[in-house]
Amino acid sequence: MIATERIENSLSYQLNEPNVCVLDRARFQFQSLKQQEEKDILKIDQTIRRHLGLKLRSGEMIQPWYINKQSKNKDHLYGPLFLHYDFEIDWIPAMGIELVLEQPECFKIKLNNEEINNPELNGWWIDPCFKRVKLSSEQLRIGKNTITLTTMFRQGCNLEAIYLIGNFGVKIDNVKKTVTKLPEKLKIGDITKQGLPFSFLFILEAFLMN
C-alpha cells in the first residue's frame with residue numbers, strides 16, 4: 001500500500017530579491033523623427049542609427065569603449081533624444097518603487113513630467129552597471145505613469161531597456177504592463193501569470209503551507 005498525503009493547492013512564498021517589471025518599449029523624439037506608438041527600444045536604436053548613417057549595433061560592430069579611444073567623432077553630439085516609457089499602476093507599494101538603469105548620470109530623468117533632480121542612487125541590482133534610483137511615491141499615481149529619459153545622442157550611446165523593482169506584482173496585457181499588489185499565496189502552476197511574469201530574473205523561495 002502506498003501512503004499518500006493531500007497537498008494544498010496554494011503555496012506561501014518569499015522573494016529574496018525585489019520583483020521586476022521590464023520596460024523595453026518606448027515612444028521617442030529625435031530630430032525630425034517622432035514615434036507616438038510604443039516601439040521596442042532596440043528598434044528605436046536602429047532607427048536613429050540608420051537616420052544618422054551610423055553602424056547598427058551587432059556582435060561584430062566596434063565596441064563603444066574602442067570608439068571612445070579611437071574615433072574622432074566619439075564626442076559628436078547629434079541632438080537631444082527623448083525616450084518616454086509608459087506603464088500603469090493600480091496599487092502603490094508602501095516601500096515604494098525603484099528605477100534601474102545603466103549610466104543614470106547620462107540622462108535627465110522625469111517621472112510624470114516632474115524632473116528628478118540629483119537622483120538618489122541606492123546601490124546596484126544584479127550587476128554593478130545597473131544603478132538603482134529611488135522614485136518618489138508622491139510623484140507616482142494610480143493609472144498611467146511615464147518615465148522620460150533625455151540625453152544628447154552620440155555614437156557610443158546604446159539605448160537599453162529600463163526596469164522597475166520593488167515589492168509589487170506585475171500584470172501584462174499584450175504590451176501594457178501594470179504594477180499590482182503581490183498575491184498573498186501562489187497557486188500551484190504557472191507563477192508568471194500570478195504577478196511574477198519575469199520570475200526568471202530572481203530566485204523564488206517557496207514552501208508548502210502548513
# chains A, B, ... in the order shown; residues from 1 in each chain; ligands from 1
$ select_by_dssp --residues "region 68-164 of chain A" --states "helix (DSSP H, G or I)" --output "list in words"
Asn68, Lys69, Gln70, Pro104, Glu105 and Cys106 of chain A
$ select_by_dssp --residues "chain A" --states "strand (DSSP E or B)" --output "NGL selection string"
:A and (10-15 or 19-23 or 25-30 or 33-40 or 79-89 or 98-102 or 108-111 or 114-115 or 121-125 or 127-134 or 143-153 or 162-166 or 169-173 or 176-180 or 186-187 or 204-208)
$ residues_around --residues "region 17-20 of chain A" --least-positions-apart "3" --cutoff "6 Å" --atoms "only C-alpha atoms" --output "number ranges by chain"
A: 164-167, 202
$ write_last_selection --atoms "C-alpha atoms" --output "mmCIF file, in the first residue's frame"
data_model
loop_
_atom_site.group_PDB
_atom_site.id
_atom_site.type_symbol
_atom_site.label_atom_id
_atom_site.label_comp_id
_atom_site.auth_asym_id
_atom_site.auth_seq_id
_atom_site.Cartn_x
_atom_site.Cartn_y
_atom_site.Cartn_z
ATOM 1 C CA LEU A 164 11.143 48.903 -12.090
ATOM 2 C CA ILE A 165 11.851 46.869 -8.961
ATOM 3 C CA GLY A 166 10.063 46.565 -5.646
ATOM 4 C CA ASN A 167 7.626 44.589 -3.537
ATOM 5 C CA PHE A 202 15.222 36.384 -9.378
#
$ atom_distance --atom1 "CA of Lys131 (chain A)" --atom2 "CA of Leu42 (chain A)"
20.0 Å
$ closest_residue --among "A:Glu120, A:Glu37, A:Asp86, A:Glu102" --to "Ala161 (chain A)" --atoms "only C-alpha atoms"
A:Glu102
$ closest_residue --among "A:Phe153, A:Phe28, A:Tyr163, A:Tyr85" --to "Arg132 (chain A)" --atoms "only C-alpha atoms"
A:Tyr163
$ residues_around --residues "Ile44 (chain A)" --least-positions-apart "4" --cutoff "8 Å" --atoms "only C-alpha atoms" --output "list in words"
Phe28, Lys39, Asp40, Ile48 and Leu159 of chain A
$ closest_residue --among "A:Leu52, A:Ile162, A:Val175, A:Ile147" --to "Gln103 (chain A)" --atoms "only C-alpha atoms"
A:Ile162
$ closest_residue --among "A:Leu135, A:Ile41, A:Val179, A:Leu99" --to "Leu83 (chain A)" --atoms "only C-alpha atoms"
A:Ile41
$ closest_residue --among "A:Ser199, A:Gln29, A:Gln139, A:Gln36" --to "Glu114 (chain A)" --atoms "only C-alpha atoms"
A:Gln139
$ closest_residue --among "A:Asn145, A:Thr178, A:Gln35, A:Asn112" --to "Val22 (chain A)" --atoms "only C-alpha atoms"
A:Thr178
$ residues_around --residues "Leu77 (chain A)" --least-positions-apart "4" --cutoff "12 Å" --atoms "only C-alpha atoms" --output "JSON, numbers by chain"
{"A": [31, 52, 73, 81, 151, 152, 153, 154, 155, 156, 157]}
$ write_last_selection --atoms "C-alpha atoms" --output "compact mmCIF listing (two decimals), in the first residue's frame"
# COMPACT_ATOMS: atom_id res chain seq x y z
CA GLN A 31 15.46 65.46 -34.75
CA LEU A 52 22.28 59.31 -38.92
CA ASN A 73 33.56 61.52 -33.75
CA LEU A 81 16.81 62.36 -27.65
CA THR A 151 20.14 62.59 -23.39
CA MET A 152 22.31 64.00 -26.16
CA PHE A 153 22.67 61.14 -28.62
CA ARG A 154 26.21 60.23 -29.67
CA GLN A 155 27.89 57.34 -31.47
CA GLY A 156 28.68 55.38 -28.31
CA CYS A 157 25.20 55.83 -26.84
$ residues_around --residues "Pro104 (chain A)" --least-positions-apart "4" --cutoff "9 Å" --atoms "only C-alpha atoms" --output "list in words"
Val100, Lys108, Ile109, Pro119, Leu121, Phe130, Lys131, Arg132 and Val133 of chain A
$ residues_around --residues "Lys181 (chain A)" --least-positions-apart "3" --cutoff "12 Å" --atoms "only C-alpha atoms" --output "ChimeraX atom specification"
/A:19,89-94,166-171,178,184-185,194-196
$ write_last_selection --atoms "N, CA and C atoms" --output "short mmCIF file (atom, residue, chain, number, x, y, z; two decimals), in the first residue's frame"
data_model
loop_
_atom_site.label_atom_id
_atom_site.label_comp_id
_atom_site.auth_asym_id
_atom_site.auth_seq_id
_atom_site.Cartn_x
_atom_site.Cartn_y
_atom_site.Cartn_z
N ASN A 19 10.76 42.04 -6.90
CA ASN A 19 10.15 41.69 -8.17
C ASN A 19 10.54 42.76 -9.20
N ILE A 89 -0.19 51.75 -13.04
CA ILE A 89 -0.15 51.37 -11.62
C ILE A 89 -1.59 51.25 -11.12
N ASP A 90 -1.92 50.14 -10.47
CA ASP A 90 -3.21 50.07 -9.79
C ASP A 90 -3.05 49.89 -8.28
N TRP A 91 -1.79 49.88 -7.82
CA TRP A 91 -1.50 49.79 -6.38
C TRP A 91 -0.07 50.26 -6.16
N ILE A 92 0.12 51.20 -5.22
CA ILE A 92 1.46 51.74 -4.93
C ILE A 92 1.98 51.08 -3.66
N PRO A 93 3.09 50.34 -3.73
CA PRO A 93 3.61 49.65 -2.54
C PRO A 93 4.11 50.63 -1.49
N ALA A 94 3.93 50.25 -0.22
CA ALA A 94 4.33 51.12 0.88
C ALA A 94 5.84 51.41 0.86
N GLY A 166 10.70 46.29 -6.92
CA GLY A 166 10.06 46.57 -5.65
C GLY A 166 9.20 45.41 -5.20
N ASN A 167 8.49 45.62 -4.11
CA ASN A 167 7.63 44.59 -3.54
C ASN A 167 6.22 44.72 -4.13
N PHE A 168 6.12 44.38 -5.41
CA PHE A 168 4.85 44.51 -6.12
C PHE A 168 4.70 43.36 -7.11
N GLY A 169 3.49 43.19 -7.62
CA GLY A 169 3.24 42.24 -8.69
C GLY A 169 3.19 42.97 -10.02
N VAL A 170 3.20 42.20 -11.10
CA VAL A 170 3.15 42.78 -12.45
C VAL A 170 2.12 42.01 -13.28
N LYS A 171 1.25 42.76 -13.93
CA LYS A 171 0.27 42.17 -14.84
C LYS A 171 0.59 42.64 -16.25
N THR A 178 1.36 46.57 -15.93
CA THR A 178 0.72 47.23 -14.79
C THR A 178 1.32 46.73 -13.49
N GLU A 184 -1.15 37.03 -2.01
CA GLU A 184 -0.73 36.54 -0.69
C GLU A 184 -0.18 35.13 -0.78
N LYS A 185 -0.73 34.33 -1.68
CA LYS A 185 -0.26 32.96 -1.88
C LYS A 185 -0.21 32.68 -3.37
N GLN A 194 0.77 35.01 -12.20
CA GLN A 194 0.31 35.37 -10.86
C GLN A 194 1.10 36.55 -10.29
N GLY A 195 1.43 37.49 -11.16
CA GLY A 195 2.13 38.69 -10.71
C GLY A 195 3.64 38.61 -10.83
N LEU A 196 4.16 37.49 -11.34
CA LEU A 196 5.61 37.29 -11.43
C LEU A 196 6.01 36.90 -12.86
#
$ atom_distance --atom1 "CA of Cys21 (chain A)" --atom2 "CA of Ile97 (chain A)"
10.4 Å
$ atom_distance --atom1 "CA of Gln14 (chain A)" --atom2 "CA of Lys144 (chain A)"
28.6 Å
